[in-house]
$ cat work_10.tsv   # TSV, C-alpha atoms and all ligand atoms
chain	number	residue	atom	x	y	z
A	1	MET	CA	-30.69	-8.37	-12.71
A	2	GLN	CA	-33.44	-7.65	-10.16
A	3	ILE	CA	-35.71	-9.68	-7.92
A	4	ASN	CA	-39.50	-9.35	-7.99
A	5	GLY	CA	-40.39	-7.06	-5.09
A	6	ASP	CA	-44.14	-7.56	-5.44
A	7	ARG	CA	-43.79	-11.32	-5.24
A	8	LEU	CA	-41.54	-11.01	-2.18
A	9	TRP	CA	-44.09	-8.73	-0.48
A	10	ALA	CA	-47.00	-11.04	-1.36
A	11	SER	CA	-45.19	-14.03	0.15
A	12	LEU	CA	-44.38	-12.08	3.31
A	13	MET	CA	-48.03	-11.09	3.69
A	14	GLU	CA	-49.23	-14.65	3.06
A	15	LEU	CA	-46.88	-16.12	5.67
A	16	ALA	CA	-47.90	-13.36	8.12
A	17	ARG	CA	-51.51	-14.58	7.96
A	18	ILE	CA	-50.48	-17.69	9.89
A	19	GLY	CA	-50.69	-16.56	13.50
A	20	ALA	CA	-51.83	-13.05	12.57
A	21	THR	CA	-52.80	-10.93	15.58
A	22	GLU	CA	-55.54	-8.31	15.80
A	23	LYS	CA	-53.03	-5.49	16.05
A	24	GLY	CA	-51.37	-6.44	12.75
A	25	GLY	CA	-48.54	-8.52	14.16
A	26	VAL	CA	-47.81	-12.24	14.22
A	27	LYS	CA	-47.74	-14.77	17.05
A	28	ARG	CA	-46.11	-17.94	15.76
A	29	LEU	CA	-44.08	-19.43	18.57
A	30	ALA	CA	-41.50	-22.11	17.86
A	31	LEU	CA	-42.79	-25.67	17.37
A	32	THR	CA	-46.47	-24.84	17.81
A	33	ASP	CA	-49.17	-25.90	15.34
A	34	LEU	CA	-48.87	-22.46	13.78
A	35	ASP	CA	-45.11	-22.89	13.37
A	36	LYS	CA	-45.83	-26.18	11.60
A	37	GLN	CA	-48.26	-24.41	9.27
A	38	GLY	CA	-45.68	-21.72	8.53
A	39	ARG	CA	-42.99	-24.32	7.93
A	40	ASP	CA	-45.26	-26.33	5.63
A	41	LEU	CA	-46.09	-23.23	3.60
A	42	VAL	CA	-42.43	-22.25	3.12
A	43	VAL	CA	-41.34	-25.81	2.36
A	44	GLY	CA	-44.17	-26.04	-0.19
A	45	TRP	CA	-42.91	-22.85	-1.84
A	46	GLY	CA	-39.38	-24.27	-1.87
A	47	LYS	CA	-40.57	-27.43	-3.60
A	48	GLU	CA	-42.55	-25.38	-6.13
A	49	ALA	CA	-39.31	-23.54	-6.88
A	50	GLY	CA	-37.68	-26.90	-7.60
A	51	MET	CA	-35.64	-27.11	-4.42
A	52	SER	CA	-34.86	-30.30	-2.52
A	53	ILE	CA	-35.50	-30.30	1.22
A	54	THR	CA	-33.29	-31.56	4.04
A	55	ILE	CA	-34.32	-31.43	7.70
A	56	ASP	CA	-31.93	-32.04	10.56
A	57	GLN	CA	-32.55	-33.49	14.02
A	58	ILE	CA	-33.18	-30.09	15.60
A	59	GLY	CA	-35.68	-29.18	12.87
A	60	ASN	CA	-33.51	-26.81	10.85
A	61	VAL	CA	-34.72	-26.88	7.25
A	62	PHE	CA	-32.41	-26.51	4.24
A	63	MET	CA	-33.94	-25.93	0.81
A	64	ARG	CA	-31.44	-26.50	-1.97
A	65	ARG	CA	-31.11	-25.41	-5.59
A	66	ASP	CA	-28.40	-27.45	-7.26
A	67	GLY	CA	-25.41	-25.82	-8.89
A	68	THR	CA	-23.42	-27.11	-11.86
A	69	ASN	CA	-20.76	-28.36	-9.44
A	70	ASN	CA	-22.54	-29.97	-6.52
A	71	ALA	CA	-19.28	-30.99	-4.90
A	72	LEU	CA	-18.92	-27.33	-3.88
A	73	PRO	CA	-20.39	-26.33	-0.52
A	74	PRO	CA	-23.58	-24.31	-0.98
A	75	VAL	CA	-23.83	-20.56	-0.72
A	76	MET	CA	-26.49	-20.32	1.96
A	77	THR	CA	-28.91	-17.68	3.13
A	78	GLY	CA	-31.57	-17.91	5.77
A	79	SER	CA	-33.05	-16.77	9.04
A	80	HIS	CA	-36.03	-17.89	11.12
A	81	ILE	CA	-39.82	-17.98	10.85
A	82	ASP	CA	-40.71	-18.30	14.52
A	83	THR	CA	-41.83	-15.06	16.18
A	84	GLN	CA	-42.20	-13.44	19.57
A	85	PRO	CA	-45.65	-13.65	21.26
A	86	THR	CA	-46.29	-10.08	20.11
A	87	GLY	CA	-44.01	-10.24	17.09
A	88	GLY	CA	-44.08	-8.67	13.67
A	89	LYS	CA	-44.30	-9.81	10.07
A	90	PHE	CA	-40.69	-9.18	9.08
A	91	ASP	CA	-38.24	-10.23	11.82
A	92	GLY	CA	-36.67	-13.43	10.48
A	93	ASN	CA	-39.41	-14.10	7.96
A	94	TYR	CA	-37.89	-11.52	5.65
A	95	GLY	CA	-34.51	-13.28	5.66
A	96	VAL	CA	-36.07	-16.61	4.70
A	97	LEU	CA	-38.43	-15.29	2.04
A	98	ALA	CA	-35.73	-13.04	0.55
A	99	GLY	CA	-33.72	-16.23	0.02
A	100	LEU	CA	-36.70	-17.90	-1.61
A	101	GLU	CA	-37.17	-14.85	-3.84
A	102	VAL	CA	-33.52	-15.05	-4.93
A	103	VAL	CA	-34.11	-18.65	-6.06
A	104	ARG	CA	-37.39	-17.78	-7.80
A	105	THR	CA	-35.57	-15.00	-9.65
A	106	LEU	CA	-32.74	-17.30	-10.74
A	107	ASN	CA	-35.37	-19.75	-11.98
A	108	ASP	CA	-37.22	-17.03	-13.92
A	109	LEU	CA	-34.01	-15.88	-15.55
A	110	LYS	CA	-32.83	-19.47	-16.10
A	111	ILE	CA	-29.54	-18.63	-14.40
A	112	LYS	CA	-27.28	-21.40	-13.24
A	113	THR	CA	-24.67	-21.05	-10.54
A	114	GLU	CA	-21.57	-23.12	-10.09
A	115	ALA	CA	-22.07	-23.65	-6.34
A	116	PRO	CA	-25.49	-24.80	-5.09
A	117	ILE	CA	-27.70	-22.25	-3.37
A	118	GLU	CA	-29.51	-23.05	-0.15
A	119	VAL	CA	-32.20	-21.27	1.83
A	120	ALA	CA	-32.31	-22.26	5.49
A	121	PHE	CA	-34.69	-21.62	8.31
A	122	TRP	CA	-33.36	-22.27	11.78
A	123	THR	CA	-35.46	-23.62	14.66
A	124	ASN	CA	-36.44	-21.40	17.60
A	125	GLU	CA	-34.34	-18.32	16.96
A	126	GLU	CA	-36.48	-16.17	19.22
A	127	GLY	CA	-36.04	-18.17	22.41
A	128	SER	CA	-39.45	-17.04	23.59
A	129	ARG	CA	-41.12	-20.40	24.14
A	130	PHE	CA	-37.90	-22.36	24.70
A	131	VAL	CA	-34.52	-21.17	26.00
A	132	PRO	CA	-31.78	-20.78	24.75
A	133	VAL	CA	-32.31	-18.39	21.86
A	134	MET	CA	-30.87	-19.17	18.42
A	135	MET	CA	-31.37	-22.81	19.31
A	136	GLY	CA	-31.29	-24.45	15.86
A	137	SER	CA	-28.22	-22.61	14.62
A	138	GLY	CA	-26.58	-23.04	18.05
A	139	VAL	CA	-26.93	-26.83	17.94
A	140	PHE	CA	-25.86	-26.79	14.29
A	141	CYS	CA	-22.54	-25.10	15.11
A	142	GLY	CA	-21.95	-27.08	18.31
A	143	ALA	CA	-22.45	-24.21	20.77
A	144	PHE	CA	-24.55	-26.60	22.85
A	145	SER	CA	-25.72	-30.19	22.46
A	146	LEU	CA	-28.78	-31.65	20.81
A	147	GLU	CA	-29.68	-33.25	24.16
A	148	THR	CA	-29.63	-29.87	25.89
A	149	ALA	CA	-31.91	-28.45	23.22
A	150	TYR	CA	-34.30	-31.45	23.27
A	151	ALA	CA	-34.66	-31.14	27.05
A	152	ALA	CA	-35.65	-27.45	26.99
A	153	LYS	CA	-39.20	-27.04	28.35
A	154	ASP	CA	-41.92	-24.47	27.76
A	155	VAL	CA	-44.10	-23.15	30.62
A	156	ASP	CA	-46.45	-26.14	30.24
A	157	GLY	CA	-43.58	-28.60	30.60
A	158	LYS	CA	-43.54	-29.66	26.93
A	159	THR	CA	-40.06	-30.32	25.60
A	160	VAL	CA	-38.42	-29.33	22.33
A	161	GLY	CA	-37.83	-33.01	21.54
A	162	GLU	CA	-41.53	-33.91	21.96
A	163	GLU	CA	-42.78	-30.87	20.11
A	164	LEU	CA	-40.42	-31.37	17.15
A	165	GLU	CA	-41.65	-34.94	16.86
A	166	ARG	CA	-45.28	-33.90	17.19
A	167	ILE	CA	-45.17	-31.33	14.38
A	168	GLY	CA	-43.17	-33.69	12.17
A	169	TYR	CA	-39.98	-31.69	11.91
A	170	LYS	CA	-37.50	-33.94	13.69
A	171	GLY	CA	-35.42	-34.79	10.65
A	172	PRO	CA	-32.74	-37.43	10.12
A	173	GLN	CA	-29.65	-35.31	9.42
A	174	VAL	CA	-27.11	-34.85	12.21
A	175	PRO	CA	-26.97	-31.11	12.99
A	176	GLY	CA	-23.85	-29.55	11.51
A	177	ASP	CA	-23.32	-32.45	9.13
A	178	HIS	CA	-24.05	-30.05	6.32
A	179	PRO	CA	-21.31	-28.00	4.66
A	180	ILE	CA	-21.69	-24.25	4.14
A	181	GLY	CA	-19.52	-22.36	1.63
A	182	ALA	CA	-20.68	-18.90	2.70
A	183	TYR	CA	-23.67	-17.57	4.63
A	184	PHE	CA	-25.65	-14.36	4.15
A	185	GLU	CA	-28.62	-13.16	6.19
A	186	THR	CA	-30.92	-10.28	5.37
A	187	HIS	CA	-32.79	-8.80	8.29
A	188	ILE	CA	-34.67	-5.69	9.32
A	189	GLU	CA	-32.31	-3.56	11.38
A	190	GLN	CA	-34.41	-3.72	14.60
A	191	GLY	CA	-32.88	-0.36	15.51
A	192	PRO	CA	-33.32	3.25	14.35
A	193	VAL	CA	-29.91	4.01	12.80
A	194	LEU	CA	-30.67	3.48	9.09
A	195	GLU	CA	-33.98	5.29	9.22
A	196	ASP	CA	-32.45	8.16	11.16
A	197	ALA	CA	-29.67	8.53	8.58
A	198	ASP	CA	-32.11	8.00	5.68
A	199	LYS	CA	-30.12	5.10	4.20
A	200	VAL	CA	-31.55	2.02	2.49
A	201	ILE	CA	-28.92	-0.66	3.04
A	202	GLY	CA	-26.93	-1.39	6.19
A	203	VAL	CA	-23.67	-3.21	5.62
A	204	VAL	CA	-23.07	-5.14	8.85
A	205	PRO	CA	-19.39	-5.46	9.78
A	206	ALA	CA	-20.05	-7.13	13.12
A	207	VAL	CA	-22.49	-8.04	15.87
A	208	MET	CA	-21.92	-6.59	19.33
A	209	GLY	CA	-20.73	-8.79	22.14
A	210	LEU	CA	-22.70	-8.80	25.36
A	211	SER	CA	-22.22	-9.50	29.01
A	212	TRP	CA	-25.21	-10.12	31.28
A	213	TYR	CA	-25.20	-9.97	35.08
A	214	ASP	CA	-27.48	-10.48	38.03
A	215	CYS	CA	-26.77	-8.05	40.85
A	216	VAL	CA	-28.21	-8.28	44.39
A	217	VAL	CA	-27.84	-5.52	46.98
A	218	THR	CA	-28.80	-6.49	50.53
A	219	GLY	CA	-29.58	-3.87	53.18
A	220	MET	CA	-32.10	-3.88	55.98
A	221	GLU	CA	-35.85	-3.25	55.93
A	222	ALA	CA	-36.94	-0.59	58.42
A	223	HIS	CA	-39.75	1.88	58.96
A	224	ALA	CA	-39.57	4.89	56.61
A	225	GLY	CA	-40.50	7.35	59.37
A	226	PRO	CA	-38.65	6.55	62.60
A	227	THR	CA	-35.34	5.56	60.95
A	228	PRO	CA	-33.06	8.62	60.52
A	229	MET	CA	-31.32	9.04	57.18
A	230	GLY	CA	-27.88	8.39	58.59
A	231	LEU	CA	-28.85	5.08	60.21
A	232	ARG	CA	-30.33	3.31	57.19
A	233	LYS	CA	-29.22	0.40	55.08
A	234	ASP	CA	-31.22	1.33	52.00
A	235	ALA	CA	-30.61	-1.28	49.33
A	236	LEU	CA	-32.42	0.70	46.63
A	237	GLN	CA	-30.42	3.90	47.09
A	238	VAL	CA	-27.18	1.94	46.81
A	239	SER	CA	-28.55	0.07	43.77
A	240	THR	CA	-29.39	3.30	41.97
A	241	ARG	CA	-25.75	4.40	42.25
A	242	ILE	CA	-24.72	1.22	40.44
A	243	MET	CA	-27.50	1.65	37.88
A	244	GLN	CA	-26.30	5.18	37.09
A	245	GLU	CA	-22.77	3.87	36.72
A	246	VAL	CA	-23.89	1.18	34.21
A	247	VAL	CA	-25.08	3.95	31.90
A	248	ALA	CA	-22.01	6.12	32.64
A	249	ILE	CA	-19.68	3.24	31.71
A	250	ALA	CA	-21.44	2.76	28.38
A	251	ASN	CA	-21.21	6.49	27.68
A	252	ARG	CA	-17.45	6.38	28.30
A	253	TYR	CA	-16.99	3.95	25.37
A	254	PRO	CA	-18.84	5.39	22.37
A	255	PRO	CA	-20.06	4.82	19.75
A	256	TYR	CA	-20.88	1.18	20.52
A	257	GLY	CA	-20.88	1.07	24.31
A	258	ARG	CA	-24.29	0.04	25.66
A	259	GLY	CA	-25.40	-0.23	29.27
A	260	THR	CA	-28.89	-1.21	30.38
A	261	VAL	CA	-30.66	-2.09	33.59
A	262	GLY	CA	-33.92	-3.58	32.38
A	263	MET	CA	-35.19	-5.63	35.27
A	264	VAL	CA	-35.52	-4.53	38.89
A	265	GLN	CA	-37.14	-6.26	41.85
A	266	VAL	CA	-37.45	-4.34	45.09
A	267	PHE	CA	-38.24	-6.10	48.37
A	268	PRO	CA	-40.55	-5.75	50.08
A	269	ASN	CA	-41.78	-3.11	47.59
A	270	SER	CA	-43.80	-1.16	50.11
A	271	ARG	CA	-44.28	2.61	50.22
A	272	ASN	CA	-43.25	3.11	53.84
A	273	VAL	CA	-40.53	0.49	54.18
A	274	ILE	CA	-36.83	1.15	53.46
A	275	PRO	CA	-35.98	-1.45	50.79
A	276	GLY	CA	-34.05	-4.35	52.28
A	277	GLU	CA	-33.06	-6.10	49.10
A	278	VAL	CA	-32.88	-5.17	45.41
A	279	LYS	CA	-32.20	-7.56	42.55
A	280	PHE	CA	-31.49	-6.15	39.12
A	281	SER	CA	-30.06	-7.10	35.75
A	282	ILE	CA	-27.14	-5.46	34.00
A	283	ASP	CA	-26.59	-5.70	30.23
A	284	LEU	CA	-23.27	-4.38	28.88
A	285	ARG	CA	-22.42	-4.43	25.16
A	286	ASN	CA	-19.70	-3.34	22.82
A	287	VAL	CA	-18.47	-4.33	19.39
A	288	ASN	CA	-14.87	-4.54	20.59
A	289	ASP	CA	-14.07	-7.35	23.02
A	290	GLU	CA	-11.27	-5.40	24.72
A	291	LEU	CA	-13.59	-2.48	25.39
A	292	LEU	CA	-16.32	-4.84	26.57
A	293	ASN	CA	-13.84	-6.31	28.99
A	294	THR	CA	-12.77	-2.84	30.16
A	295	MET	CA	-16.44	-2.01	30.79
A	296	HIS	CA	-16.75	-5.26	32.75
A	297	GLU	CA	-13.68	-4.43	34.88
A	298	GLU	CA	-14.85	-0.87	35.55
A	299	MET	CA	-18.21	-2.10	36.69
A	300	LEU	CA	-16.68	-4.63	39.09
A	301	ALA	CA	-14.36	-1.95	40.48
A	302	PHE	CA	-17.29	0.42	40.99
A	303	ILE	CA	-19.22	-2.30	42.80
A	304	ASP	CA	-16.23	-2.96	45.08
A	305	LYS	CA	-16.00	0.73	45.87
A	306	THR	CA	-19.75	0.99	46.50
A	307	ARG	CA	-19.63	-2.05	48.75
A	308	SER	CA	-16.94	-0.58	50.98
A	309	GLU	CA	-18.48	2.92	51.02
A	310	SER	CA	-21.99	1.71	51.82
A	311	GLY	CA	-21.17	-1.26	54.02
A	312	LEU	CA	-23.97	-3.18	52.29
A	313	LYS	CA	-23.61	-6.66	50.88
A	314	ILE	CA	-23.50	-6.58	47.07
A	315	SER	CA	-23.23	-9.71	44.95
A	316	ILE	CA	-22.68	-9.72	41.22
A	317	GLU	CA	-22.77	-12.75	38.95
A	318	ARG	CA	-22.12	-12.91	35.22
A	319	VAL	CA	-24.90	-15.08	33.75
A	320	SER	CA	-24.20	-14.77	30.02
A	321	TYR	CA	-21.36	-13.74	27.74
A	322	TYR	CA	-21.18	-13.65	23.96
A	323	PRO	CA	-18.02	-12.20	22.43
A	324	PRO	CA	-18.47	-9.72	19.59
A	325	CYS	CA	-18.80	-11.42	16.21
A	326	PRO	CA	-16.97	-9.72	13.34
A	327	PHE	CA	-18.26	-10.91	9.97
A	328	HIS	CA	-15.93	-12.22	7.28
A	329	PRO	CA	-14.25	-9.43	5.25
A	330	GLU	CA	-15.04	-11.18	1.95
A	331	CYS	CA	-18.75	-11.46	2.78
A	332	VAL	CA	-18.88	-7.89	4.08
A	333	ASP	CA	-17.21	-6.77	0.85
A	334	ALA	CA	-19.63	-8.83	-1.25
A	335	VAL	CA	-22.52	-6.96	0.41
A	336	ARG	CA	-20.78	-3.62	0.04
A	337	SER	CA	-19.97	-4.08	-3.64
A	338	ALA	CA	-23.44	-5.44	-4.48
A	339	THR	CA	-24.93	-2.34	-2.80
A	340	ALA	CA	-22.61	-0.03	-4.76
A	341	LYS	CA	-23.38	-1.81	-8.04
A	342	LEU	CA	-27.12	-1.39	-7.45
A	343	GLY	CA	-26.69	2.25	-6.42
A	344	TYR	CA	-28.48	2.15	-3.06
A	345	SER	CA	-27.66	4.60	-0.29
A	346	THR	CA	-25.76	2.80	2.42
A	347	MET	CA	-23.85	2.93	5.67
A	348	ASP	CA	-22.22	0.48	8.04
A	349	VAL	CA	-24.45	-0.61	10.93
A	350	VAL	CA	-23.19	-2.77	13.77
A	351	SER	CA	-25.86	-5.20	14.92
A	352	GLY	CA	-26.87	-4.84	18.54
A	353	ALA	CA	-29.13	-7.88	18.40
A	354	GLY	CA	-28.28	-11.56	18.07
A	355	HIS	CA	-28.92	-13.45	14.83
A	356	ASP	CA	-28.48	-16.98	13.49
A	357	ALA	CA	-25.64	-15.55	11.37
A	358	ILE	CA	-23.50	-15.34	14.53
A	359	TYR	CA	-23.49	-19.11	14.84
A	360	ALA	CA	-23.19	-19.64	11.09
A	361	ALA	CA	-20.11	-17.39	11.20
A	362	ARG	CA	-18.37	-19.96	13.42
A	363	LEU	CA	-18.48	-22.45	10.54
A	364	ALA	CA	-18.24	-20.41	7.36
A	365	PRO	CA	-17.56	-16.92	6.03
A	366	ALA	CA	-20.72	-14.95	6.88
A	367	GLY	CA	-22.22	-11.53	6.37
A	368	MET	CA	-25.48	-9.67	6.94
A	369	ILE	CA	-27.60	-7.11	5.12
A	370	PHE	CA	-29.85	-4.73	7.06
A	371	VAL	CA	-32.81	-2.73	5.81
A	372	PRO	CA	-34.62	-0.03	7.81
A	373	CYS	CA	-37.72	-0.76	9.87
A	374	LYS	CA	-40.21	1.87	10.93
A	375	ASP	CA	-39.04	3.83	13.99
A	376	GLY	CA	-36.48	1.08	14.57
A	377	ILE	CA	-39.16	-1.02	16.28
A	378	SER	CA	-39.30	-4.82	16.27
A	379	HIS	CA	-40.38	-7.56	18.67
A	380	ASN	CA	-43.64	-5.64	18.54
A	381	GLU	CA	-46.86	-6.06	16.58
A	382	ILE	CA	-46.41	-2.60	15.06
A	383	GLU	CA	-43.13	-3.66	13.45
A	384	ASP	CA	-43.18	-2.34	9.88
A	385	ALA	CA	-40.92	-2.07	6.85
A	386	LYS	CA	-41.26	-0.51	3.40
A	387	ALA	CA	-41.71	-2.82	0.41
A	388	GLU	CA	-39.11	-0.85	-1.56
A	389	HIS	CA	-36.51	-1.33	1.20
A	390	LEU	CA	-37.23	-5.05	1.46
A	391	GLU	CA	-36.87	-5.29	-2.31
A	392	ALA	CA	-33.55	-3.41	-2.21
A	393	GLY	CA	-32.15	-5.70	0.50
A	394	CYS	CA	-33.19	-8.75	-1.50
A	395	ASN	CA	-31.48	-7.38	-4.61
A	396	VAL	CA	-28.29	-6.91	-2.60
A	397	LEU	CA	-28.64	-10.48	-1.32
A	398	LEU	CA	-29.05	-11.78	-4.89
A	399	HIS	CA	-25.90	-10.09	-6.11
A	400	ALA	CA	-23.82	-10.89	-3.03
A	401	MET	CA	-24.80	-14.56	-3.28
A	402	LEU	CA	-24.09	-14.66	-7.00
A	403	GLU	CA	-20.64	-13.26	-6.42
A	404	ARG	CA	-19.90	-16.14	-4.07
A	405	ALA	CA	-21.74	-18.85	-6.03
A	406	ARG	CA	-20.36	-17.75	-9.42
A	407	LEU	CA	-22.47	-17.61	-12.52
A	408	VAL	CA	-22.02	-20.12	-15.29
A	501	ZN	ZN	-34.72	-12.21	13.85

$ encode --input "work_10.tsv" --output "structure tokens"
Amino acid sequence: MQINGDRLWASLMELARIGATEKGGVKRLALTDLDKQGRDLVVGWGKEAGMSITIDQIGNVFMRRDGTNNALPPVMTGSHIDTQPTGGKFDGNYGVLAGLEVVRTLNDLKIKTEAPIEVAFWTNEEGSRFVPVMMGSGVFCGAFSLETAYAAKDVDGKTVGEELERIGYKGPQVPGDHPIGAYFETHIEQGPVLEDADKVIGVVPAVMGLSWYDCVVTGMEAHAGPTPMGLRKDALQVSTRIMQEVVAIANRYPPYGRGTVGMVQVFPNSRNVIPGEVKFSIDLRNVNDELLNTMHEEMLAFIDKTRSESGLKISIERVSYYPPCPFHPECVDAVRSATAKLGYSTMDVVSGAGHDAIYAARLAPAGMIFVPCKDGISHNEIEDAKAEHLEAGCNVLLHAMLERARLV
């Protein structure tokens, strides 16, 4: 039993025309007119495939194919169709259209399942226009309230509540008032591991946890010439010690330790002035919560040591924390055995990026399927994936879902 890879590809390309950019990417920000057009197209396809549509109050859309026993909670798949401002054709969109292709295939083959099958797309996964990210699935699982989400504003001051209403996707269902039997999400890897190892399917055992910090080092601005080296309070030099340590900490906890300083602001940022203040971000990740916590402790200890050695003021604040999310063994196994049955090359790949599946996993057994993307690049207009890999991932999705939904 196989899905139709050409039809999947054609649908991906058709959806990618809405908000297409000159460089071959897609700009379809959450709750814009273009998002509405994308939503309408996908919902139209769902209806054509005989599915019924439910929309909840945060604009999550559930497209349902009945089973023979509709008292059973649905086996769900899904992802998102909003994109980054310079996004690609596949991030999120693939997960939604792979689900649609599974249903189209079941229709073609006149296959019935015992449990219903649902294809979801979640509102504002990207978090580009409105913060927080993974908004629709987050409200759905109760990570934060509907009111918090409605109040989120874009740079023009427009709110999620107003924009949902305006595009006609503020539905009646209370978020979360919608059972899920099991949840699968197919996604491009967004990293280089599968391509590097020349494997087609990534079985995803878990998503990394992350800890985000804002760090501020305060020294004293002074003239770069007259101030001798021993009499300086150089905030940047002290900051670079911490920045080096962030990477060193990650390297001490392989293979999944990650440490990144991605944002730096130097004041006054002048060639001949000793920097008086430096603000920078720290991003620590690991797939194991104990190790992530050890990394956190080591960083705080290093900052204490640096503070006393340098005599400079150093403040550190944790601004975000997501624990690692292990996926459900039964769903991971369903993906693994579907991959083996279909004979695709495979390896385990831990996800370093966040996905709606993390929130779905709080409510139901969940699992993910990764396929390679070119050079591991996403959140970029050059994001690319091979049709044969997308087809393979969709076939794995089909068989994993059927194992959970049971054929009749
Ligand atoms: Zn995504």

$ residues_near_ligand --input "work_10.tsv" --ligand "ligand ZN 501 (chain A)" --cutoff "7 Å" --atoms "all atoms listed in the file" --output "mmCIF file with C-alpha atoms, in the frame of the given file"
data_model
loop_
_atom_site.group_PDB
_atom_site.id
_atom_site.type_symbol
_atom_site.label_atom_id
_atom_site.label_comp_id
_atom_site.auth_asym_id
_atom_site.auth_seq_id
_atom_site.Cartn_x
_atom_site.Cartn_y
_atom_site.Cartn_z
ATOM 1 C CA SER A 79 -33.050 -16.770 9.040
ATOM 2 C CA HIS A 80 -36.030 -17.890 11.120
ATOM 3 C CA ASP A 91 -38.240 -10.230 11.820
ATOM 4 C CA GLY A 92 -36.670 -13.430 10.480
ATOM 5 C CA GLU A 125 -34.340 -18.320 16.960
ATOM 6 C CA GLU A 126 -36.480 -16.170 19.220
ATOM 7 C CA HIS A 187 -32.790 -8.800 8.290
ATOM 8 C CA HIS A 355 -28.920 -13.450 14.830
#

$ closest_residue --input "work_10.tsv" --among "A:Val350, A:Leu363, A:Ala334, A:Ala357" --to "A:His399" --atoms "all atoms listed in the file"
A:Ala334

$ residues_around --input "work_10.tsv" --residues "stretch 111-122 of chain A" --least-positions-apart "3" --cutoff "7 Å" --atoms "all atoms listed in the file" --output "PDB file with C-alpha atoms, keeping the file's coordinate frame"
ATOM      1  CA  ASN A  60     -33.510 -26.810  10.850  1.00  0.00           C
ATOM      2  CA  VAL A  61     -34.720 -26.880   7.250  1.00  0.00           C
ATOM      3  CA  PHE A  62     -32.410 -26.510   4.240  1.00  0.00           C
ATOM      4  CA  MET A  63     -33.940 -25.930   0.810  1.00  0.00           C
ATOM      5  CA  ARG A  64     -31.440 -26.500  -1.970  1.00  0.00           C
ATOM      6  CA  ARG A  65     -31.110 -25.410  -5.590  1.00  0.00           C
ATOM      7  CA  ASP A  66     -28.400 -27.450  -7.260  1.00  0.00           C
ATOM      8  CA  GLY A  67     -25.410 -25.820  -8.890  1.00  0.00           C
ATOM      9  CA  THR A  68     -23.420 -27.110 -11.860  1.00  0.00           C
ATOM     10  CA  ASN A  69     -20.760 -28.360  -9.440  1.00  0.00           C
ATOM     11  CA  ASN A  70     -22.540 -29.970  -6.520  1.00  0.00           C
ATOM     12  CA  LEU A  72     -18.920 -27.330  -3.880  1.00  0.00           C
ATOM     13  CA  PRO A  73     -20.390 -26.330  -0.520  1.00  0.00           C
ATOM     14  CA  PRO A  74     -23.580 -24.310  -0.980  1.00  0.00           C
ATOM     15  CA  VAL A  75     -23.830 -20.560  -0.720  1.00  0.00           C
ATOM     16  CA  MET A  76     -26.490 -20.320   1.960  1.00  0.00           C
ATOM     17  CA  THR A  77     -28.910 -17.680   3.130  1.00  0.00           C
ATOM     18  CA  GLY A  78     -31.570 -17.910   5.770  1.00  0.00           C
ATOM     19  CA  SER A  79     -33.050 -16.770   9.040  1.00  0.00           C
ATOM     20  CA  HIS A  80     -36.030 -17.890  11.120  1.00  0.00           C
ATOM     21  CA  ILE A  81     -39.820 -17.980  10.850  1.00  0.00           C
ATOM     22  CA  VAL A  96     -36.070 -16.610   4.700  1.00  0.00           C
ATOM     23  CA  GLY A  99     -33.720 -16.230   0.020  1.00  0.00           C
ATOM     24  CA  LEU A 100     -36.700 -17.900  -1.610  1.00  0.00           C
ATOM     25  CA  LEU A 106     -32.740 -17.300 -10.740  1.00  0.00           C
ATOM     26  CA  ASN A 107     -35.370 -19.750 -11.980  1.00  0.00           C
ATOM     27  CA  GLU A 125     -34.340 -18.320  16.960  1.00  0.00           C
ATOM     28  CA  GLY A 136     -31.290 -24.450  15.860  1.00  0.00           C
ATOM     29  CA  SER A 137     -28.220 -22.610  14.620  1.00  0.00           C
ATOM     30  CA  ALA A 405     -21.740 -18.850  -6.030  1.00  0.00           C
ATOM     31  CA  ARG A 406     -20.360 -17.750  -9.420  1.00  0.00           C
ATOM     32  CA  LEU A 407     -22.470 -17.610 -12.520  1.00  0.00           C
ATOM     33  CA  VAL A 408     -22.020 -20.120 -15.290  1.00  0.00           C
TER      34      VAL A 408
END

$ closest_residue --input "work_10.tsv" --among "A:Arg241, A:Arg252, A:Arg285, A:His328" --to "A:Phe302" --atoms "only C-alpha atoms"
A:Arg241

$ closest_residue --input "work_10.tsv" --among "A:Val217, A:Ala224, A:Val261, A:Ser315" --to "A:Val278" --atoms "all atoms listed in the file"
A:Val217

$ closest_residue --input "work_10.tsv" --among "A:Leu29, A:Ile167, A:Met299, A:Ala71" --to "A:Ile242" --atoms "all atoms listed in the file"
A:Met299
